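For reference, run09.cif (mmCIF, C-alpha atoms):
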```
data_structure
loop_
_atom_site.label_atom_id
_atom_site.label_comp_id
_atom_site.auth_asym_id
_atom_site.auth_seq_id
_atom_site.Cartn_x
_atom_site.Cartn_y
_atom_site.Cartn_z
CA MET A 14 8.08 -7.12 -6.89
CA LYS A 15 11.24 -8.97 -7.70
CA PHE A 16 14.27 -8.32 -5.55
CA SER A 17 16.13 -6.66 -8.44
CA GLU A 18 13.26 -4.20 -9.02
CA PHE A 19 13.83 -2.65 -5.61
CA PHE A 20 17.30 -1.50 -6.69
CA THR A 21 15.98 0.28 -9.78
CA ALA A 22 12.95 1.90 -8.13
CA PRO A 23 13.09 5.69 -8.54
CA THR A 24 11.98 6.31 -4.96
CA VAL A 25 14.81 4.24 -3.53
CA ARG A 26 17.42 5.94 -5.71
CA SER A 27 16.20 9.45 -4.92
CA THR A 28 16.01 8.70 -1.19
CA ALA A 29 19.57 7.36 -1.20
CA ILE A 30 20.89 10.38 -3.10
CA ARG A 31 19.06 12.83 -0.87
CA SER A 32 20.32 11.15 2.29
CA GLY A 33 23.92 11.38 1.01
CA VAL A 34 23.54 15.04 0.08
CA ILE A 35 21.96 15.90 3.43
CA VAL A 36 24.63 14.07 5.44
CA GLY A 37 27.42 15.65 3.38
CA ALA A 38 25.93 19.14 3.70
CA ILE A 39 25.42 18.79 7.46
CA LEU A 40 29.02 17.62 7.91
CA ALA A 41 30.41 20.43 5.74
CA ILE A 42 28.38 23.16 7.41
CA PHE A 43 28.18 22.19 11.07
CA THR A 44 31.47 20.40 11.72
CA ASN A 45 35.14 21.22 11.35
CA ILE A 46 35.61 18.52 8.71
CA ASP A 47 37.12 19.62 5.41
CA TRP A 48 34.46 19.89 2.70
CA ARG A 49 36.19 17.22 0.57
CA TYR A 50 35.84 14.66 3.35
CA ALA A 51 32.20 15.70 3.82
CA VAL A 52 31.57 15.02 0.12
CA ILE A 53 33.27 11.59 0.37
CA ILE A 54 31.26 10.69 3.49
CA GLY A 55 28.03 11.90 1.82
CA ALA A 56 28.78 9.73 -1.22
CA ALA A 57 29.48 6.74 1.03
CA VAL A 58 26.15 7.29 2.81
CA ALA A 59 24.36 7.45 -0.56
CA ILE A 60 25.99 4.19 -1.71
CA LEU A 61 25.23 2.47 1.59
CA ALA A 62 21.61 3.67 1.51
CA SER A 63 21.19 2.49 -2.08
CA VAL A 64 22.14 -1.01 -0.96
CA LEU A 65 20.40 -1.13 2.42
CA LEU A 66 17.06 0.45 1.48
CA PRO A 67 16.14 -2.16 -1.18
CA LEU A 68 17.21 -4.94 1.17
CA ILE A 69 15.06 -3.57 4.01
CA MET A 70 12.06 -3.08 1.73
CA TYR A 71 12.37 -6.61 0.33
CA ILE A 72 12.60 -8.16 3.80
CA LYS A 73 9.57 -6.15 4.93
CA LEU A 74 7.48 -7.48 2.02
CA LEU A 75 8.47 -11.15 2.45
CA PRO A 76 5.55 -12.08 4.79
CA TYR A 77 3.10 -10.54 2.33
CA LYS A 78 4.66 -12.48 -0.55
CA ARG A 79 4.46 -15.73 1.44
CA PHE A 80 0.79 -15.11 2.27
CA LYS A 81 -0.02 -14.37 -1.36
CA GLU A 82 1.61 -17.62 -2.46
CA SER A 83 -0.21 -19.56 0.29
CA LEU A 84 -3.61 -18.47 -1.03
CA GLY A 85 -3.37 -21.00 -3.84
CA ARG A 86 -5.78 -18.95 -5.95
CA ARG A 87 -5.29 -16.67 -8.89
CA VAL A 88 -4.97 -13.04 -7.80
CA LEU A 89 -6.76 -10.59 -10.09
CA ILE A 90 -5.64 -7.37 -8.42
CA ASP A 91 -2.76 -6.84 -6.04
CA ALA A 92 -2.38 -3.26 -4.80
CA PRO A 93 -0.73 -1.48 -1.88
CA VAL A 94 -3.29 0.51 0.12
CA ARG A 95 -3.60 2.61 3.29
CA PHE A 96 -6.40 1.67 5.72
CA LEU A 97 -8.13 4.19 7.96
CA ALA A 98 -7.78 3.02 11.58
CA LYS A 99 -8.31 4.44 15.05
CA ARG A 100 -4.65 5.49 15.29
CA GLY A 101 -4.50 6.99 11.81
CA MET A 102 -3.55 5.41 8.51
CA VAL A 103 -2.24 1.84 8.44
CA GLY A 104 -0.31 0.36 5.52
CA GLY A 105 -1.38 -2.84 3.84
CA PHE A 106 -2.44 -4.57 0.65
CA PHE A 107 -5.66 -5.27 -1.22
CA LEU A 108 -5.97 -8.59 -3.04
CA LEU A 109 -8.88 -9.62 -5.22
CA THR A 110 -9.30 -13.27 -6.11
CA GLU A 111 -12.12 -14.79 -8.13
CA SER A 112 -14.12 -15.74 -5.02
CA ASN A 113 -13.25 -13.13 -2.38
CA LEU A 114 -11.30 -10.04 -1.51
CA VAL A 115 -8.46 -10.06 0.99
CA LEU A 116 -7.28 -7.09 3.04
CA LEU A 117 -3.78 -7.47 4.47
CA SER A 118 -2.17 -5.32 7.13
CA ASP A 119 1.21 -5.78 8.73
CA GLU A 120 0.28 -3.66 11.75
CA LYS A 121 -2.55 -5.77 13.22
CA GLU A 122 -2.65 -8.95 15.31
CA LYS A 123 -4.71 -10.73 12.65
CA PRO A 124 -2.99 -9.66 9.43
CA ALA A 125 -5.57 -10.89 6.90
CA LEU A 126 -9.28 -10.28 6.51
CA GLU A 127 -11.01 -12.32 3.82
CA LEU A 128 -14.43 -11.16 2.72
CA THR A 129 -16.87 -12.92 0.40
CA GLN A 130 -19.73 -11.32 -1.47
CA LYS A 131 -22.11 -12.46 1.31
CA ASP A 132 -20.07 -10.54 3.90
CA VAL A 133 -20.13 -7.26 1.97
CA ASN A 134 -23.25 -5.12 1.71
CA SER A 135 -21.81 -2.69 -0.85
CA ILE A 136 -18.57 -1.16 -2.07
CA THR A 137 -18.54 2.55 -2.71
CA LEU A 138 -16.05 4.68 -4.61
CA GLY A 139 -15.69 7.89 -2.62
CA GLU A 140 -15.85 11.42 -3.92
CA ASP A 141 -12.28 12.01 -2.74
CA VAL A 142 -9.59 10.68 -5.03
CA GLY A 143 -8.42 7.20 -4.10
CA VAL A 144 -10.99 6.47 -1.36
CA ILE A 145 -12.95 3.20 -1.37
CA ASP A 146 -15.46 2.20 1.34
CA ILE A 147 -16.48 -1.41 1.94
CA TYR A 148 -19.78 -1.51 3.84
CA LEU A 149 -20.24 -4.68 5.87
CA ASP A 150 -23.63 -3.59 7.25
CA GLN A 151 -25.40 -0.32 8.13
CA LYS A 152 -22.89 0.60 10.87
CA GLN A 153 -19.59 -1.07 9.96
CA PHE A 154 -17.38 -0.17 7.05
CA ILE A 155 -13.76 -0.41 6.02
CA ARG A 156 -12.18 2.61 4.35
CA PHE A 157 -8.95 2.48 2.42
CA VAL A 158 -7.03 4.66 0.01
CA SER A 159 -5.40 3.39 -3.17
CA ALA A 160 -3.75 4.96 -6.18
CA ILE A 161 -5.67 2.61 -8.49
CA ASP A 162 -9.13 3.07 -6.97
CA GLU A 163 -10.94 3.21 -10.33
CA GLU A 164 -9.34 -0.05 -11.52
CA ILE A 165 -10.21 -1.81 -8.25
CA VAL A 166 -13.85 -0.74 -8.42
CA GLU A 167 -14.14 -1.68 -12.10
CA MET A 168 -12.69 -5.14 -11.46
CA LEU A 169 -15.01 -5.65 -8.47
CA ALA A 170 -18.03 -4.68 -10.60
CA GLN A 171 -16.95 -7.08 -13.36
CA HIS A 172 -16.85 -9.95 -10.88
CA GLY A 173 -20.34 -9.38 -9.45
CA TRP A 174 -19.66 -7.27 -6.35
CA ASN A 175 -22.27 -4.64 -5.38
CA VAL A 176 -20.44 -1.44 -6.39
CA THR A 177 -21.88 2.07 -6.26
CA ARG A 178 -20.55 5.56 -6.73
CA ARG A 179 -20.75 7.91 -3.73
CA LYS A 180 -23.26 10.21 -5.46
CA ASP A 181 -25.50 7.26 -6.42
CA PHE A 182 -25.27 5.86 -2.90
CA TYR A 183 -26.67 8.99 -1.23
CA ASP A 184 -29.39 9.44 -3.84
CA HIS A 185 -31.08 6.27 -2.55
CA PHE A 186 -31.74 7.78 0.91
#
```
Please rewrite the model in this file as structure tokens.
Amino acid sequence: MKFSEFFTAPTVRSTAIRSGVIVGAILAIFTNIDWRYAVIIGAAVAILASVLLPLIMYIKLLPYKRFKESLGRRVLIDAPVRFLAKRGMVGGFFLLTESNLVLLSDEKEKPALELTQKDVNSITLGEDVGVIDIYLDQKQFIRFVSAIDEEIVEMLAQHGWNVTRRKDFYDHF
């Protein structure tokens, strides 16, 4: 995303407006401040949040952008995902290049995991919406959730990856 796109993102705008309304309402209800000052302070919080939130989001995504540029390969799919980990869900990104797939996480010591077709036994689209499983062998797999799961699986199948549907996968056993 470009820096300017963060300012126009609907999520950022709605979060900024909600934070201003909540702060203004809390000040008007629970303090002795006149309601007009509470409205002015709430509006100031909304304006401040609408400037700070895009800046924080852009700074958070800079390491990912640098890594993507350092690959030196054409990226076919670039999608934000959530990985299933021992501590719960971990945020990250899924990148598909012509030769391998890259899983990025900003919450691990080693932020990138590059897998080739030799490393992956199969990739399965789960029955639950958005779930994709990458089986490395019979016991190890990587599970992640993405909003564009169908597009990811279709692109992987087009580029020669072993892709199965969950129902087809269990029919073989």
Using only C-alpha atoms, what does the table of region 48-115 of chain A residues within 6 Å of region 152-169 of chain A look like, with each row giving the shortest atom pair and its distance in Å to one decimal, sorted by chain and ascending number, as CSV?
```
residue,atom,partner,partner_atom,distance
A:Val94,CA,A:Ser159,CA,4.9
A:Arg95,CA,A:Val158,CA,5.2
A:Phe96,CA,A:Phe157,CA,4.2
A:Leu97,CA,A:Arg156,CA,5.7
```
**Message:** Show me, as a count of residues only, the residues that have an atom within 10 Å of Val36 (chain A) when counting only C-alpha atoms, minus same-chain residues fewer than 2 positions from it.
**Reply:** 16
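With CA of Phe20 (chain A) on one side and CA of Tyr71 (chain A) on the other, the separation reads 10.0 Å.
Proximity to Leu89 (chain A) was assessed for A:Leu108, A:Leu116, A:Ala125, A:Val144 counting only C-alpha atoms; the smallest distance is recorded for A:Leu108.
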**CA of Val64 (chain A) to CA of Phe43 (chain A), distance in Å rounded to a single decimal** =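 So the two atoms, CA of Val64 (chain A) and CA of Phe43 (chain A), lie 26.8 Å apart.
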**Request:** Please provide as a ChimeraX atom specification all residues within 8 Å of Ser63 (chain A), with the sequence filter that same-chain residues fewer than 4 positions apart are discarded (counting all atoms listed in the file).
**Result:** /A:20,25-26,29-30,59,67
Could you produce a table of the residues of region 142-183 of chain A lying within 9 Å of region 134-137 of chain A, with the nearest pair of atoms per residue and their separation in Å rounded to one decimal, using only C-alpha atoms, ordered by chain and increasing residue number, as a Markdown table?
```
| residue | atom | partner | partner_atom | distance |
| --- | --- | --- | --- | --- |
| A:Val144 | CA | A:Thr137 | CA | 8.6 |
| A:Ile145 | CA | A:Thr137 | CA | 5.8 |
| A:Asp146 | CA | A:Thr137 | CA | 5.1 |
| A:Ile147 | CA | A:Ile136 | CA | 4.5 |
| A:Tyr148 | CA | A:Ser135 | CA | 5.2 |
| A:Leu149 | CA | A:Asn134 | CA | 5.2 |
| A:Asp150 | CA | A:Asn134 | CA | 5.8 |
| A:Gln151 | CA | A:Asn134 | CA | 8.3 |
| A:Val166 | CA | A:Ile136 | CA | 7.9 |
| A:Leu169 | CA | A:Ile136 | CA | 8.6 |
| A:Trp174 | CA | A:Ser135 | CA | 7.5 |
| A:Asn175 | CA | A:Ser135 | CA | 5.0 |
| A:Val176 | CA | A:Ile136 | CA | 4.7 |
| A:Thr177 | CA | A:Thr137 | CA | 4.9 |
| A:Arg178 | CA | A:Thr137 | CA | 5.4 |
| A:Arg179 | CA | A:Thr137 | CA | 5.9 |
| A:Phe182 | CA | A:Thr137 | CA | 7.5 |
```
**Request:** Quote the spacing between CA of Met70 (chain A) and CA of Val142 (chain A) in Å to one decimal place.
**Result:**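 Pair CA of Met70 (chain A) / CA of Val142 (chain A) returns 26.5 Å.
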**Message:** When the PyMOL selection byres ((chain A and resi 112) around 12) is applied to the structure above, which residues does it catch, written out as a ChimeraX atom specification?
**Reply:** /A:84,86-89,108-111,113-115,127-132,169,172-174
Can you sort out the box for region 90-108 of chain A, edges along x, y and z, all listed atoms in, 6 Å on every side, with centre and edge lengths in Å to one decimal, as JSON?
```
{"center_x": -4.3, "center_y": -0.8, "center_z": 3.4, "size_x": 20.0, "size_y": 27.6, "size_z": 35.7}
```
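Considering the residues A:Gly143, A:Ile72, A:Arg79, A:Ala62 and counting all atoms listed in the file, Thr24 (chain A) has its shortest atom-to-atom contact with A:Ala62.
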